[in-house]
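> Questions regarding the structure given below will be posed in turn.
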Amino acid sequence: MENTSGSTSEKQTSNLTLSQIKQELASWRIHLDNDWSEKEIRRIWQVFHRLAVQANALTLPQIFNDQATKFFHSGRPGRAGRTKGDEVYLDDDWTDWTLAHELGHRWNNAWEKQPEQWLRKSLGAGRWEWLKRKLRSFEKWLRKTAQKLDLNWKIDWQALWYHPGKAPPPCGVDRNFNASEDLAESFAATIFPEDAKQRASNAASRLTKFGEQWDWGRNYQNFWLTPRGQLTSRFLKERSPGEGHADQTDRRAAKD
Ligand SMILES: [Zn+2]
């Protein structure tokens, strides 16, 4: 569990045949369509395997509320991904981090966004978000208008960015950061804490103003020891994240 280099998973996957890996993925309720290469399938297995190690109290389907997850190539160039409900779309050059991040969104969706709400509440994050969201839309409009008019205005109001609350963000904040991205980044950082440390340090050095707050590697040995890391690991190890969800499930069961 303390091994963050990935070598443990690599060793284990190399011992398994492709059909064993496919079988295991299917037993975890992970569906892949036919156009994934063997290398990609092995990488997907490795990321899930690392997640399983991290959430050792649960089986993988339990983490995702016993729901299936479907993977698709997005057919787009680049290294990003998108998640819609139970479907994950990965760009041509997806990285293990991309996958871990999208799985964070998938996890959040599986629990009806309870994880992001719990993370936000626990950390006092997203202060004034209802107002900031409106102001960010205005800022976006202003930026586009300035571009159209060829005005050389630099509009990027950091005061409007999502507030990370009383703990360092997983890998910095930018204008696209919000409660869902916070959760997805925290989830990815739990699977790849060393990558997260580097990302946090890079983000902090880009914006020296936030260096002290964002570069959590200065104060914590690894991500799991940060407040976000501890909360995310705890959510992961519990079957249902937060009391609120248990209530909801009970209510639904009662209705059914
Ligand atoms: Zn995202």
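Convention: chains lettered A, B, ... in structure tokens order; per-chain residue numbering from 1; ligands numbered from 1 as shown.
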Neighbours of ligand 1 at 12 Å or closer, counting only C-alpha atoms and all ligand atoms: which residues, as a PDB file with C-alpha atoms, in the first residue's frame?


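Contents of out.pdb, as written:
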ATOM      1  CA  ALA A  80      -7.932  14.278 -21.300  1.00  0.00           C
ATOM      2  CA  GLY A  81     -11.176  12.430 -20.701  1.00  0.00           C
ATOM      3  CA  ARG A  82     -14.828  12.974 -19.917  1.00  0.00           C
ATOM      4  CA  THR A  83     -17.309  11.094 -17.768  1.00  0.00           C
ATOM      5  CA  LYS A  84     -21.063  11.027 -18.252  1.00  0.00           C
ATOM      6  CA  VAL A  88     -15.936   7.130 -19.297  1.00  0.00           C
ATOM      7  CA  TYR A  89     -14.438   8.506 -22.525  1.00  0.00           C
ATOM      8  CA  LEU A  90     -10.665   8.670 -22.866  1.00  0.00           C
ATOM      9  CA  TRP A  97      -3.731  10.071 -14.132  1.00  0.00           C
ATOM     10  CA  THR A  98      -6.471  10.886 -16.684  1.00  0.00           C
ATOM     11  CA  LEU A  99      -8.098   7.553 -15.968  1.00  0.00           C
ATOM     12  CA  ALA A 100      -7.818   7.952 -12.196  1.00  0.00           C
ATOM     13  CA  HIS A 101      -9.317  11.453 -12.449  1.00  0.00           C
ATOM     14  CA  GLU A 102     -12.244  10.280 -14.588  1.00  0.00           C
ATOM     15  CA  LEU A 103     -12.815   7.400 -12.182  1.00  0.00           C
ATOM     16  CA  GLY A 104     -13.186  10.038  -9.480  1.00  0.00           C
ATOM     17  CA  HIS A 105     -16.051  11.562 -11.478  1.00  0.00           C
ATOM     18  CA  ARG A 106     -17.471   8.089 -12.039  1.00  0.00           C
ATOM     19  CA  TRP A 107     -17.344   7.367  -8.302  1.00  0.00           C
ATOM     20  CA  ASN A 108     -19.015  10.695  -7.556  1.00  0.00           C
ATOM     21  CA  ASN A 176     -12.206  25.578 -13.989  1.00  0.00           C
ATOM     22  CA  PHE A 177     -11.843  24.117 -10.518  1.00  0.00           C
ATOM     23  CA  ASN A 178     -15.065  23.350  -8.663  1.00  0.00           C
ATOM     24  CA  ALA A 179     -16.469  20.826  -6.180  1.00  0.00           C
ATOM     25  CA  SER A 180     -16.608  18.006  -8.778  1.00  0.00           C
ATOM     26  CA  GLU A 181     -13.052  18.652  -9.974  1.00  0.00           C
ATOM     27  CA  ASP A 182     -11.890  18.834  -6.370  1.00  0.00           C
ATOM     28  CA  LEU A 183     -13.339  15.394  -5.721  1.00  0.00           C
ATOM     29  CA  ALA A 184     -11.957  13.914  -8.960  1.00  0.00           C
ATOM     30  CA  GLU A 185      -8.472  15.311  -8.259  1.00  0.00           C
ATOM     31  CA  SER A 186      -8.557  14.091  -4.661  1.00  0.00           C
ATOM     32  CA  PHE A 187      -9.603  10.643  -5.868  1.00  0.00           C
ATOM     33  CA  ALA A 188      -6.790  10.533  -8.464  1.00  0.00           C
TER      34      ALA A 188
END

> Neighbouring residues of Leu58 of chain A were defined as those with any atom within 8 Å, considering only C-alpha atoms; residues of the same chain fewer than 2 positions away were excluded. Please report them as a ChimeraX atom specification.

/A:52,55-56,60,62-63,237-239

> Extract, using only C-alpha atoms, all DNA, RNA and protein residues at most 12 Å from Phe192 of chain A, discarding same-chain residues fewer than 4 positions from it, and format them as an MDAnalysis selection string.

chainID A and resid 1:6 46:51 53:54 95:101 170:171 185:188 196:199 222:224 229

> Could you write those residues out with C-alpha atoms, as a short mmCIF file (atom, residue, chain, number, x, y, z; two decimals), in the first residue's frame?


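Okay, part_15.cif is ready:
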data_model
loop_
_atom_site.label_atom_id
_atom_site.label_comp_id
_atom_site.auth_asym_id
_atom_site.auth_seq_id
_atom_site.Cartn_x
_atom_site.Cartn_y
_atom_site.Cartn_z
CA MET A 1 0.00 0.00 0.00
CA GLU A 2 2.92 2.31 0.71
CA ASN A 3 4.42 1.44 -2.65
CA THR A 4 3.74 4.39 -4.91
CA SER A 5 6.01 3.50 -7.80
CA GLY A 6 3.49 1.19 -9.42
CA GLN A 46 -3.43 -1.64 -13.07
CA VAL A 47 -5.23 1.58 -12.15
CA PHE A 48 -8.22 -0.39 -10.81
CA HIS A 49 -5.87 -2.69 -8.97
CA ARG A 50 -4.18 0.26 -7.26
CA LEU A 51 -7.61 1.58 -6.32
CA VAL A 53 -5.40 -1.79 -2.74
CA GLN A 54 -6.16 1.72 -1.54
CA THR A 95 -2.54 8.85 -19.06
CA ASP A 96 -3.01 6.80 -15.92
CA TRP A 97 -3.73 10.07 -14.13
CA THR A 98 -6.47 10.89 -16.68
CA LEU A 99 -8.10 7.55 -15.97
CA ALA A 100 -7.82 7.95 -12.20
CA HIS A 101 -9.32 11.45 -12.45
CA PRO A 170 -4.92 18.28 -4.32
CA CYS A 171 -3.10 19.84 -7.29
CA GLU A 185 -8.47 15.31 -8.26
CA SER A 186 -8.56 14.09 -4.66
CA PHE A 187 -9.60 10.64 -5.87
CA ALA A 188 -6.79 10.53 -8.46
CA ALA A 196 -0.22 14.51 -7.10
CA LYS A 197 2.71 15.78 -5.06
CA GLN A 198 4.53 16.83 -8.22
CA ARG A 199 1.40 18.41 -9.67
CA ASN A 222 2.30 12.03 1.29
CA PHE A 223 -1.19 12.81 0.03
CA TRP A 224 -2.83 10.24 2.29
CA GLY A 229 -6.28 12.48 1.42
#

> Can you check which residues of segment 68-193 of chain A DSSP gives as alpha helix (DSSP H) on the backbone and send them as number ranges by chain?

A: 96-110, 114-123, 129-148, 179-191, 193

> With only C-alpha atoms as the atoms that count, which of A:Lys144, A:Glu40, A:Trp130, A:Ser201 lies nearest to Asp93 of chain A?

A:Glu40

> Here is a test: counting only C-alpha atoms, which residue of A:Pro164, A:Pro61, A:Gly172, A:Gly85 is nearest to Glu112 of chain A?

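Selected residue with least distance to Glu112 of chain A: A:Gly85.
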